[in-house]
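Raw coords-v6.txt, compact mmCIF, C-alpha atoms and all ligand atoms:
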```
# COMPACT_ATOMS: atom_id res chain seq x y z
CA MET A 1 16.00 -29.34 -7.60
CA THR A 2 14.72 -25.95 -8.74
CA ALA A 3 17.60 -23.68 -9.75
CA THR A 4 16.20 -20.21 -9.09
CA ARG A 5 12.92 -19.38 -7.41
CA ILE A 6 11.20 -16.03 -7.00
CA LEU A 7 8.70 -16.16 -4.16
CA CYS A 8 6.30 -13.24 -3.79
CA THR A 9 3.93 -12.67 -0.89
CA GLY A 10 1.07 -10.19 -1.08
CA LEU A 11 0.55 -10.59 -4.85
CA GLY A 12 -3.18 -9.99 -4.41
CA GLY A 13 -2.65 -6.59 -2.78
CA VAL A 14 -2.25 -3.11 -4.25
CA VAL A 15 1.51 -3.30 -4.82
CA GLY A 16 1.60 -7.05 -5.52
CA THR A 17 -1.08 -6.99 -8.21
CA GLU A 18 0.81 -4.36 -10.17
CA LEU A 19 4.12 -6.17 -9.61
CA SER A 20 2.55 -9.39 -10.90
CA THR A 21 2.05 -7.81 -14.33
CA ARG A 22 5.85 -7.50 -14.61
CA LEU A 23 6.78 -11.04 -13.56
CA ALA A 24 6.58 -12.57 -17.05
CA GLY A 25 10.06 -11.21 -17.66
CA PHE A 26 11.42 -13.66 -15.07
CA ALA A 27 9.38 -16.72 -16.03
CA GLY A 28 12.02 -18.30 -18.28
CA ALA A 29 14.80 -17.88 -15.74
CA ALA A 30 13.08 -18.79 -12.49
CA GLU A 31 10.19 -20.63 -10.92
CA VAL A 32 7.75 -17.92 -9.85
CA VAL A 33 5.69 -18.61 -6.73
CA GLY A 34 2.91 -16.44 -5.34
CA VAL A 35 1.59 -16.97 -1.81
CA PHE A 36 -2.03 -16.11 -1.00
CA SER A 37 -3.70 -15.97 2.39
CA SER A 38 -6.70 -18.14 1.47
CA PRO A 39 -8.11 -20.26 -1.37
CA GLU A 40 -10.65 -17.48 -2.00
CA SER A 41 -8.04 -14.75 -2.41
CA ARG A 42 -5.96 -17.03 -4.66
CA LEU A 43 -9.02 -17.66 -6.83
CA ARG A 44 -9.92 -13.96 -6.92
CA PHE A 45 -6.40 -13.08 -8.00
CA LEU A 46 -6.16 -15.78 -10.67
CA ASP A 47 -9.60 -14.89 -12.04
CA GLY A 48 -8.43 -11.33 -12.69
CA ALA A 49 -4.90 -12.24 -13.82
CA ASP A 50 -3.52 -12.26 -17.33
CA PRO A 51 -3.64 -15.80 -18.85
CA VAL A 52 0.13 -15.69 -19.43
CA LEU A 53 0.70 -15.07 -15.72
CA ARG A 54 -1.76 -17.84 -14.83
CA GLY A 55 0.30 -20.15 -17.04
CA PHE A 56 3.59 -19.80 -15.21
CA LEU A 57 2.67 -18.70 -11.68
CA ARG A 58 2.76 -21.35 -8.99
CA ALA A 59 0.00 -20.06 -6.71
CA GLU A 60 0.13 -21.43 -3.16
CA VAL A 61 -2.08 -20.77 -0.15
CA CYS A 62 -0.60 -20.10 3.29
CA ASP A 63 -1.51 -17.98 6.29
CA LEU A 64 1.89 -16.44 6.83
CA THR A 65 1.18 -15.66 10.48
CA ASP A 66 1.06 -19.41 11.18
CA PRO A 67 4.54 -20.99 11.54
CA ALA A 68 3.15 -24.50 11.05
CA GLN A 69 1.60 -23.50 7.71
CA THR A 70 4.77 -21.77 6.50
CA ALA A 71 6.87 -24.83 7.49
CA ALA A 72 4.43 -27.03 5.57
CA LEU A 73 4.69 -24.73 2.56
CA ALA A 74 8.50 -25.04 2.64
CA ALA A 75 8.10 -28.82 2.40
CA VAL A 76 5.58 -28.57 -0.45
CA LEU A 77 7.80 -26.19 -2.43
CA GLY A 78 10.92 -28.35 -2.12
CA THR A 79 14.41 -26.96 -2.21
CA ALA A 80 15.62 -24.37 -4.68
CA GLU A 81 19.31 -23.67 -5.18
CA ARG A 82 18.60 -19.99 -4.66
CA THR A 83 15.50 -18.01 -3.80
CA VAL A 84 14.70 -14.34 -4.02
CA VAL A 85 11.75 -13.41 -1.80
CA VAL A 86 9.67 -10.29 -2.29
CA HIS A 87 7.76 -9.99 0.96
CA ALA A 88 4.92 -7.56 0.27
CA ALA A 89 2.21 -9.21 2.42
CA ALA A 90 1.17 -7.14 5.40
CA ASN A 91 -1.78 -5.93 7.35
CA THR A 92 -1.78 -2.29 6.24
CA ALA A 93 -4.52 -1.01 8.56
CA TRP A 94 -3.32 1.99 10.58
CA THR A 95 -5.46 1.45 13.66
CA LEU A 96 -4.80 -2.17 14.69
CA PRO A 97 -4.17 -3.13 18.32
CA LEU A 98 -0.41 -3.45 18.76
CA ALA A 99 -0.46 -7.22 19.28
CA VAL A 100 -2.44 -7.79 16.07
CA ALA A 101 -0.10 -5.55 14.07
CA MET A 102 2.95 -7.37 15.49
CA THR A 103 1.57 -10.79 14.55
CA ALA A 104 0.59 -9.68 11.04
CA ASN A 105 3.72 -7.73 10.24
CA VAL A 106 6.54 -9.03 12.46
CA GLU A 107 5.72 -12.69 13.08
CA ALA A 108 4.59 -13.20 9.48
CA THR A 109 7.88 -11.67 8.29
CA ARG A 110 9.82 -14.03 10.58
CA ASN A 111 7.89 -16.99 9.18
CA VAL A 112 8.61 -15.90 5.60
CA ALA A 113 12.32 -15.53 6.44
CA ASP A 114 12.33 -19.04 7.97
CA LEU A 115 10.50 -20.37 4.92
CA ALA A 116 13.17 -18.86 2.65
CA ARG A 117 15.95 -20.46 4.69
CA ALA A 118 14.24 -23.83 4.89
CA SER A 119 13.50 -24.10 1.16
CA SER A 120 16.72 -22.80 -0.39
CA GLY A 121 20.42 -23.43 -0.67
CA SER A 122 20.79 -19.66 -0.48
CA ALA A 123 18.14 -17.01 -0.22
CA ARG A 124 17.80 -13.28 -0.15
CA MET A 125 14.91 -11.09 0.71
CA ILE A 126 13.35 -7.84 -0.43
CA TYR A 127 11.24 -6.56 2.42
CA VAL A 128 8.54 -4.11 1.32
CA SER A 129 8.03 -1.43 3.94
CA SER A 130 6.72 2.08 4.33
CA ALA A 131 8.47 5.40 3.71
CA PHE A 132 6.44 6.71 6.69
CA THR A 133 8.51 4.71 9.13
CA SER A 134 12.10 3.94 10.00
CA PRO A 135 13.74 1.36 12.24
CA GLU A 136 15.68 4.03 14.16
CA ASN A 137 15.07 7.55 15.50
CA TRP A 138 11.39 7.66 14.65
CA LEU A 139 8.32 8.55 16.67
CA TYR A 140 5.72 6.06 15.46
CA ARG A 141 2.35 7.54 14.52
CA ASN A 142 0.51 4.23 14.79
CA THR A 143 0.96 0.50 15.35
CA TYR A 144 1.35 -0.12 11.61
CA GLU A 145 4.50 2.04 11.43
CA GLU A 146 5.84 0.47 14.62
CA SER A 147 5.29 -3.08 13.42
CA LYS A 148 6.83 -2.47 9.99
CA ALA A 149 9.92 -0.95 11.60
CA ARG A 150 10.20 -3.76 14.12
CA ALA A 151 10.08 -6.35 11.34
CA GLU A 152 12.91 -4.56 9.53
CA ARG A 153 15.04 -4.47 12.69
CA MET A 154 14.34 -8.13 13.30
CA LEU A 155 15.32 -9.12 9.75
CA ARG A 156 18.57 -7.19 9.87
CA ALA A 157 19.53 -8.54 13.31
CA GLU A 158 18.44 -12.17 13.00
CA TYR A 159 18.65 -12.94 9.27
CA PRO A 160 21.91 -11.40 7.98
CA ASP A 161 22.32 -14.41 5.67
CA LEU A 162 19.25 -13.22 3.69
CA ASP A 163 21.06 -10.09 2.44
CA VAL A 164 17.95 -8.05 3.12
CA SER A 165 17.04 -5.12 0.87
CA VAL A 166 14.33 -2.82 2.18
CA PHE A 167 11.99 -1.24 -0.35
CA SER A 168 10.02 1.54 1.37
CA CYS A 169 7.20 3.26 -0.46
CA SER A 170 4.96 6.13 0.47
CA LEU A 171 1.18 6.19 0.08
CA VAL A 172 0.30 4.24 -3.04
CA VAL A 173 -2.51 5.35 -5.35
CA GLY A 174 -3.70 4.06 -8.73
CA HIS A 175 -1.88 3.67 -12.03
CA SER A 176 -0.50 6.93 -13.42
CA GLU A 177 -2.29 6.49 -16.75
CA THR A 178 -5.36 4.37 -16.07
CA GLY A 179 -5.87 5.10 -12.37
CA ALA A 180 -6.34 1.35 -11.82
CA VAL A 181 -5.65 -0.05 -8.36
CA ALA A 182 -6.50 -3.43 -6.81
CA ARG A 183 -7.96 -2.10 -3.55
CA PHE A 184 -9.24 1.24 -2.31
CA HIS A 185 -7.34 1.83 0.89
CA GLY A 186 -4.85 4.49 1.99
CA LEU A 187 -5.94 7.74 0.34
CA TYR A 188 -9.30 6.49 -0.92
CA PRO A 189 -11.42 6.89 2.23
CA LEU A 190 -10.39 10.57 2.08
CA LEU A 191 -11.85 10.75 -1.45
CA LYS A 192 -15.09 9.35 -0.11
CA PHE A 193 -15.02 11.96 2.64
CA ILE A 194 -14.83 14.69 -0.01
CA GLU A 195 -17.15 13.28 -2.70
CA GLY A 196 -19.58 11.19 -0.66
CA TYR A 197 -20.21 13.66 2.17
CA GLU A 198 -19.59 16.89 0.22
CA VAL A 199 -17.67 18.25 3.17
CA PRO A 200 -17.04 22.00 3.22
CA VAL A 201 -13.91 21.62 5.36
CA VAL A 202 -10.96 19.25 5.69
CA PRO A 203 -8.66 19.42 8.70
CA GLY A 204 -4.90 19.64 8.32
CA ASP A 205 -1.97 21.94 8.03
CA ARG A 206 -2.04 23.91 4.77
CA GLY A 207 1.74 23.75 4.45
CA ARG A 208 2.08 19.99 4.90
CA ARG A 209 2.52 17.57 2.04
CA LEU A 210 0.79 14.22 1.62
CA ASP A 211 3.33 11.96 -0.06
CA ILE A 212 1.51 9.89 -2.67
CA VAL A 213 2.98 7.81 -5.49
CA PRO A 214 1.32 5.94 -8.38
CA VAL A 215 1.35 2.17 -8.20
CA ASP A 216 2.93 1.56 -11.62
CA TRP A 217 5.96 3.68 -10.70
CA VAL A 218 6.27 1.81 -7.40
CA ALA A 219 6.04 -1.57 -9.16
CA ASP A 220 8.62 -0.48 -11.77
CA GLU A 221 11.07 0.44 -9.01
CA LEU A 222 10.37 -2.75 -7.05
CA CYS A 223 10.79 -4.84 -10.19
CA HIS A 224 14.10 -3.12 -10.85
CA LEU A 225 15.33 -4.12 -7.38
CA LEU A 226 14.06 -7.67 -7.91
CA ALA A 227 15.96 -7.95 -11.21
CA GLU A 228 19.14 -6.83 -9.45
CA ALA A 229 18.66 -9.44 -6.72
CA VAL A 230 18.01 -12.19 -9.29
CA ALA A 231 21.16 -11.12 -11.14
CA GLY A 232 23.15 -11.46 -7.90
CA GLU A 233 23.93 -7.78 -7.47
CA SER A 234 24.62 -6.39 -4.00
CA PRO A 235 21.61 -5.68 -1.79
CA ARG A 236 20.60 -2.06 -1.41
CA ASP A 237 17.69 -0.14 0.02
CA VAL A 238 15.23 1.97 -1.95
CA VAL A 239 12.82 4.66 -0.81
CA ALA A 240 10.06 5.17 -3.38
CA SER A 241 8.53 8.45 -2.24
CA ALA A 242 7.72 11.69 -4.01
CA GLY A 243 9.54 14.03 -1.60
CA ALA A 244 9.38 17.69 -2.60
CA GLY A 245 7.13 16.78 -5.54
CA ALA A 246 4.32 15.59 -3.25
CA PRO A 247 1.17 17.75 -3.13
CA LYS A 248 0.45 20.08 -0.25
CA LEU A 249 -2.92 19.33 1.31
CA PRO A 250 -4.79 22.23 -0.39
CA GLU A 251 -3.28 21.22 -3.76
CA LEU A 252 -4.41 17.64 -3.29
CA ILE A 253 -7.92 18.65 -2.29
CA ALA A 254 -8.21 21.11 -5.18
CA GLY A 255 -7.04 18.43 -7.62
CA VAL A 256 -9.56 15.89 -6.32
CA ALA A 257 -12.40 18.44 -6.35
CA GLU A 258 -11.59 19.49 -9.91
CA THR A 259 -12.01 15.95 -11.25
CA VAL A 260 -15.09 15.27 -9.12
CA ASN A 261 -16.68 18.50 -10.37
CA ARG A 262 -15.90 17.68 -14.00
CA ARG A 263 -17.78 14.41 -13.49
CA ARG A 264 -20.64 16.17 -11.70
CA ASP A 265 -20.94 18.73 -14.49
CA ALA A 266 -21.20 15.92 -17.04
CA GLU A 267 -23.85 14.18 -14.96
CA GLY A 268 -25.80 17.38 -14.30
CA ARG A 269 -25.20 17.15 -10.56
CA PRO A 270 -24.43 20.09 -8.27
CA ARG A 271 -20.75 20.91 -7.83
CA LEU A 272 -18.93 20.29 -4.55
CA PRO A 273 -18.88 23.19 -2.10
CA GLU A 274 -15.66 25.17 -1.76
CA ILE A 275 -13.51 23.09 0.60
CA ALA A 276 -11.57 24.98 3.26
CA VAL A 277 -8.51 23.54 5.01
CA PHE A 278 -8.83 24.18 8.74
CA SER A 279 -6.07 23.92 11.29
CA MET A 280 -6.48 21.11 13.81
CA ARG A 281 -7.33 23.67 16.48
CA GLN A 282 -10.14 25.07 14.33
CA TRP A 283 -11.25 21.55 13.47
CA ASP A 284 -11.38 20.43 17.11
CA PHE A 285 -13.52 23.46 17.90
CA LEU A 286 -15.86 22.57 15.03
CA ARG A 287 -16.00 18.95 16.09
CA ARG A 288 -17.06 19.96 19.59
CA SER A 289 -19.76 22.13 18.05
CA LEU A 290 -20.87 19.45 15.64
CA VAL A 291 -24.40 19.05 16.88
CA VAL A 292 -25.13 22.75 16.63
CA TRP A 293 -23.26 23.06 13.33
CA GLN A 294 -25.14 20.21 11.66
CA ALA A 295 -28.38 21.90 12.49
CA GLY A 296 -27.36 24.42 9.82
CA THR A 297 -26.73 23.70 6.15
CA ALA A 298 -23.25 22.24 6.41
CA SER A 299 -22.89 18.64 5.32
CA LEU A 300 -20.79 16.29 7.43
CA PRO A 301 -20.60 12.51 7.91
CA PRO A 302 -22.17 11.01 11.02
CA ALA A 303 -20.03 11.65 14.10
CA ARG A 304 -19.04 7.98 14.34
CA ILE A 305 -17.59 8.01 10.80
CA LEU A 306 -15.96 11.39 11.32
CA ASP A 307 -14.17 10.16 14.42
CA LEU A 308 -13.05 6.97 12.70
CA LEU A 309 -11.69 8.94 9.75
CA MET A 310 -9.94 11.39 12.03
CA ASP A 311 -8.42 8.65 14.20
CA THR A 312 -7.02 7.13 11.02
CA TYR A 313 -5.80 10.21 9.17
CA ARG A 314 -5.02 12.70 11.90
CA PRO A 315 -1.44 11.54 12.46
CA TYR A 316 -0.68 12.13 8.78
CA LEU A 317 -2.53 15.44 8.54
CA GLU A 318 -0.62 16.79 11.52
CA ASP A 319 2.79 15.28 10.88
CA ASP A 320 4.16 14.80 7.37
CA ARG A 321 7.42 13.03 8.24
CA VAL A 322 8.36 10.72 5.38
CA LEU A 323 11.67 9.36 4.15
CA PRO A 324 13.02 11.29 1.16
CA PRO A 325 13.31 9.38 -2.11
CA SER A 326 16.54 7.44 -2.53
CA GLY A 327 17.86 4.73 -4.79
CA VAL A 328 15.07 5.13 -7.35
CA SER A 329 15.86 5.01 -11.05
CA ALA A 330 13.54 7.92 -11.89
CA PRO A 331 11.69 10.53 -9.82
CA ALA A 332 8.03 9.87 -9.03
CA PRO A 333 5.71 11.27 -11.71
CA ALA A 334 4.19 14.70 -10.97
CA PHE A 335 0.86 14.29 -9.15
CA THR A 336 -0.87 16.82 -11.42
CA GLY A 337 -0.39 14.42 -14.31
CA TYR A 338 -1.98 11.34 -12.73
CA LEU A 339 -4.42 12.56 -10.07
CA PRO A 340 -7.35 12.97 -12.54
CA ALA A 341 -6.97 9.34 -13.73
CA VAL A 342 -6.79 8.11 -10.12
CA VAL A 343 -9.94 9.97 -9.08
CA ASP A 344 -11.79 9.03 -12.28
CA TYR A 345 -11.03 5.32 -11.79
CA TRP A 346 -12.30 5.48 -8.23
CA LEU A 347 -15.43 7.36 -9.33
CA ASP A 348 -16.11 4.83 -12.09
CA ARG A 349 -16.12 2.01 -9.57
CA THR A 350 -17.82 3.62 -6.65
CA SER A 351 -20.53 5.85 -8.03
CA ARG A 352 -23.63 4.60 -9.71
CA ALA A 353 -26.13 7.19 -10.92
CA GLY A 354 -24.55 9.78 -8.71
CA ARG A 355 -24.71 7.70 -5.52
CA LEU A 356 -21.55 6.37 -3.90
CA VAL A 357 -21.53 2.63 -3.29
CA THR A 358 -19.09 0.57 -1.24
CA ALA A 359 -15.83 -0.17 -3.08
N1 LIG B 1 -0.47 0.61 -0.23
C1 LIG B 1 0.26 1.56 0.36
O1 LIG B 1 -0.10 2.75 0.34
C2 LIG B 1 1.58 1.21 1.00
C3 LIG B 1 2.35 2.26 1.48
C4 LIG B 1 3.57 1.98 2.09
C5 LIG B 1 4.00 0.67 2.22
N2 LIG B 1 3.20 -0.34 1.78
C6 LIG B 1 3.69 -1.70 1.97
O2 LIG B 1 3.60 -2.37 0.72
C7 LIG B 1 3.27 -3.73 0.95
C8 LIG B 1 2.05 -4.07 0.12
O3 LIG B 1 0.98 -3.23 0.56
P1 LIG B 1 -0.40 -3.27 -0.19
O4 LIG B 1 -0.99 -1.92 -0.06
O5 LIG B 1 -0.24 -3.88 -1.52
O6 LIG B 1 -1.21 -4.24 0.76
P2 LIG B 1 -2.73 -4.68 0.66
O7 LIG B 1 -3.34 -4.16 -0.59
O8 LIG B 1 -3.36 -4.37 1.96
O9 LIG B 1 -2.60 -6.25 0.52
C9 LIG B 1 -2.03 -6.98 1.56
C10 LIG B 1 -1.55 -8.29 1.01
O10 LIG B 1 -0.99 -9.03 2.10
C11 LIG B 1 -1.49 -10.34 2.05
N3 LIG B 1 -1.61 -10.88 3.39
C12 LIG B 1 -2.04 -10.21 4.49
N4 LIG B 1 -2.04 -11.04 5.55
C13 LIG B 1 -1.61 -12.25 5.11
C14 LIG B 1 -1.40 -13.50 5.71
N5 LIG B 1 -1.63 -13.70 7.02
N6 LIG B 1 -0.95 -14.53 4.96
C15 LIG B 1 -0.72 -14.36 3.62
N7 LIG B 1 -0.88 -13.20 3.00
C16 LIG B 1 -1.32 -12.14 3.72
C17 LIG B 1 -2.85 -10.26 1.41
O11 LIG B 1 -3.07 -11.50 0.80
P3 LIG B 1 -4.47 -11.97 0.17
O12 LIG B 1 -4.77 -10.98 -0.92
O13 LIG B 1 -4.17 -13.32 -0.33
O14 LIG B 1 -5.45 -11.92 1.31
C18 LIG B 1 -2.66 -9.12 0.40
O15 LIG B 1 -2.23 -9.61 -0.83
C19 LIG B 1 3.05 -3.90 2.44
O16 LIG B 1 4.21 -4.44 3.01
C20 LIG B 1 2.84 -2.50 2.94
O17 LIG B 1 3.29 -2.36 4.25
C21 LIG B 1 2.00 -0.10 1.17
```
Can you turn what I pasted into C-alpha cells?
Ligand SMILES: NC(=O)c1ccc[n+]([C@@H]2O[C@H](COP(=O)([O-])OP(=O)(O)OC[C@H]3O[C@@H](n4cnc5c(N)ncnc54)[C@H](OP(=O)(O)O)[C@@H]3O)[C@@H](O)[C@H]2O)c1
Amino acid sequence: MTATRILCTGLGGVVGTELSTRLAGFAGAAEVVGVFSSPESRLRFLDGADPVLRGFLRAEVCDLTDPAQTAALAAVLGTAERTVVVHAAANTAWTLPLAVAMTANVEATRNVADLARASSGSARMIYVSSAFTSPENWLYRNTYEESKARAERMLRAEYPDLDVSVFSCSLVVGHSETGAVARFHGLYPLLKFIEGYEVPVVPGDRGRRLDIVPVDWVADELCHLLAEAVAGESPRDVVASAGAGAPKLPELIAGVAETVNRRRDAEGRPRLPEIAVFSMRQWDFLRRSLVVWQAGTASLPPARILDLLMDTYRPYLEDDRVLPPSGVSAPAPAFTGYLPAVVDYWLDRTSRAGRLVTA
C-alpha cells in the first residue's frame, strides 16, 4: 500500500503547470499523481515538462466530470494510507451556460472528492478557487463564479472528513521574472484588444482596480499550503490576491501600452494611440454609434468580437469586488515590477513580424 500520495488535478493548466515545477520537493516522501483530461493533454504536458518531473510523476488520464471514469481511476491507483489532493482542474471560461459550468466545476469536484475517499485510508483536499467569488453573501457576476462557490459549499457540507482548505486566487498572469504562462486566458484577450486592434478607448471605471497576480507567487503560496497539508498541519484557507496593490485600470493600460510601444519602437512600427478610459455610459453610447464612428479613423474590432469581449469583461470592469489577501506568506509582488515581462512574453509568442497570430 502506498503510504502518502499527492494527487493533483489541472496540472496542465496555468496554475498547475507552475505548481508542477515545485513538486520535486515532495517526490521522496510521497507518490505524486497528476490527472489529465485526455491522452493528448497528458502528452502535451509531459513533452514540455522537466525530465526530473517526468521521472517521478504518475500521469493518469481521466475526465473528472465522469463518475465512472473517476471510480475506475480510484481502482487503478489502489489505496494509499493518506492522500492530499490539490484540485485545480476547472473550466475557467466566464461565459458558460450554467449547466455546463456546474458539471465542470461542481460535479467534477464531487467526483474528485469521492475519488479521494475511495482510494485512501484518510484524505484531505485543497480546493483551488477564485478570489472573485465567495460561498456566502456574494452577487455572482457569471456562471463561473457561481459554480466555483457552489463547489466550495458542497465540499464543506458533504465532505467534512476531507478537512478542506480553500485556496482562492485572483486573476493569474505570467511569471514575475520571465512572464511565462502555460495558457493565454484571463487578462490576455484584453492585451490583444489593446495591441491587436490598436483601440483608442477602453471601457471601465477609472477608479476600479483589476486584481492580477503573477503565477509564480500563486504557485509558491499554493505549494506552501500543500506542504502544510502533507505535514499534517491544520487546514486553513488562503486568499492569494493583490488587494490594495492591484493596478487601477488606467495604470494597467498605461503599463501594457508602455511595453507594447517599446517593442514597436524597436521594430520601427507606429506607436499605439493614446488610450482613453471611458465610463460604461460613454462606452454604451459609442457602441451604439459604432457604424458611424468606424467610418472615421478610429480603429475598433469587428462588432461581433467587441460584443464578445464586453460580455466577458464587463462584469469585472464595472464591479471590482475581490476577496482581500489573507493567509499568504508574503504580499503579492508589485505589478510595476512584473508587468513588462508578462507583456513581453505574450508579445514574443503572439506577434510575428508585427502581426498578431493566435496564441
Ligand atoms: N487562471 C486564473 O486567472 C485563475 C483565477 C482564479 C482562480 N483560478 C482557479 O485556479 C484553478 C486553475 O486554473 P487555471 O487557470 O490553471 O486553469 P486552466 O489553465 O484553464 O486549466 C484548466 C485545467 O483543468 C483541467 N480540466 C478541465 N476539465 C477537466 C476534466 N473534465 N477532467 C480533467 N481535467 C480537467 C485541464 O486539464 P487538461 O490540461 O488535461 O485538459 C487543465 O489542466 C481553477 O480551479 C480556477 O478556477 C484560476
For this session: Collect all residues with atoms no farther than 6 Å from ligand LIG 1 (chain B), counting only C-alpha atoms and all ligand atoms, and output them as an MDAnalysis selection string.
Result: chainID A and resid 10:16 36:38 41:42 62:65 88:92 128:130 169:172 183 186
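For the residues A:Val76, A:Ala59, A:Leu286, A:Leu222, ranking by smallest atom-to-atom distance to Gly327 (chain A) using only C-alpha atoms places A:Leu222 first.
CA of Ala246 (chain A) is positioned 14.7 Å from CA of Ser326 (chain A).
One distance worth recording is that between CA of Val32 (chain A) and CA of Val84 (chain A), which is 9.8 Å.
One distance worth recording is that between CA of Ala244 (chain A) and CA of Phe132 (chain A), which is 14.7 Å.
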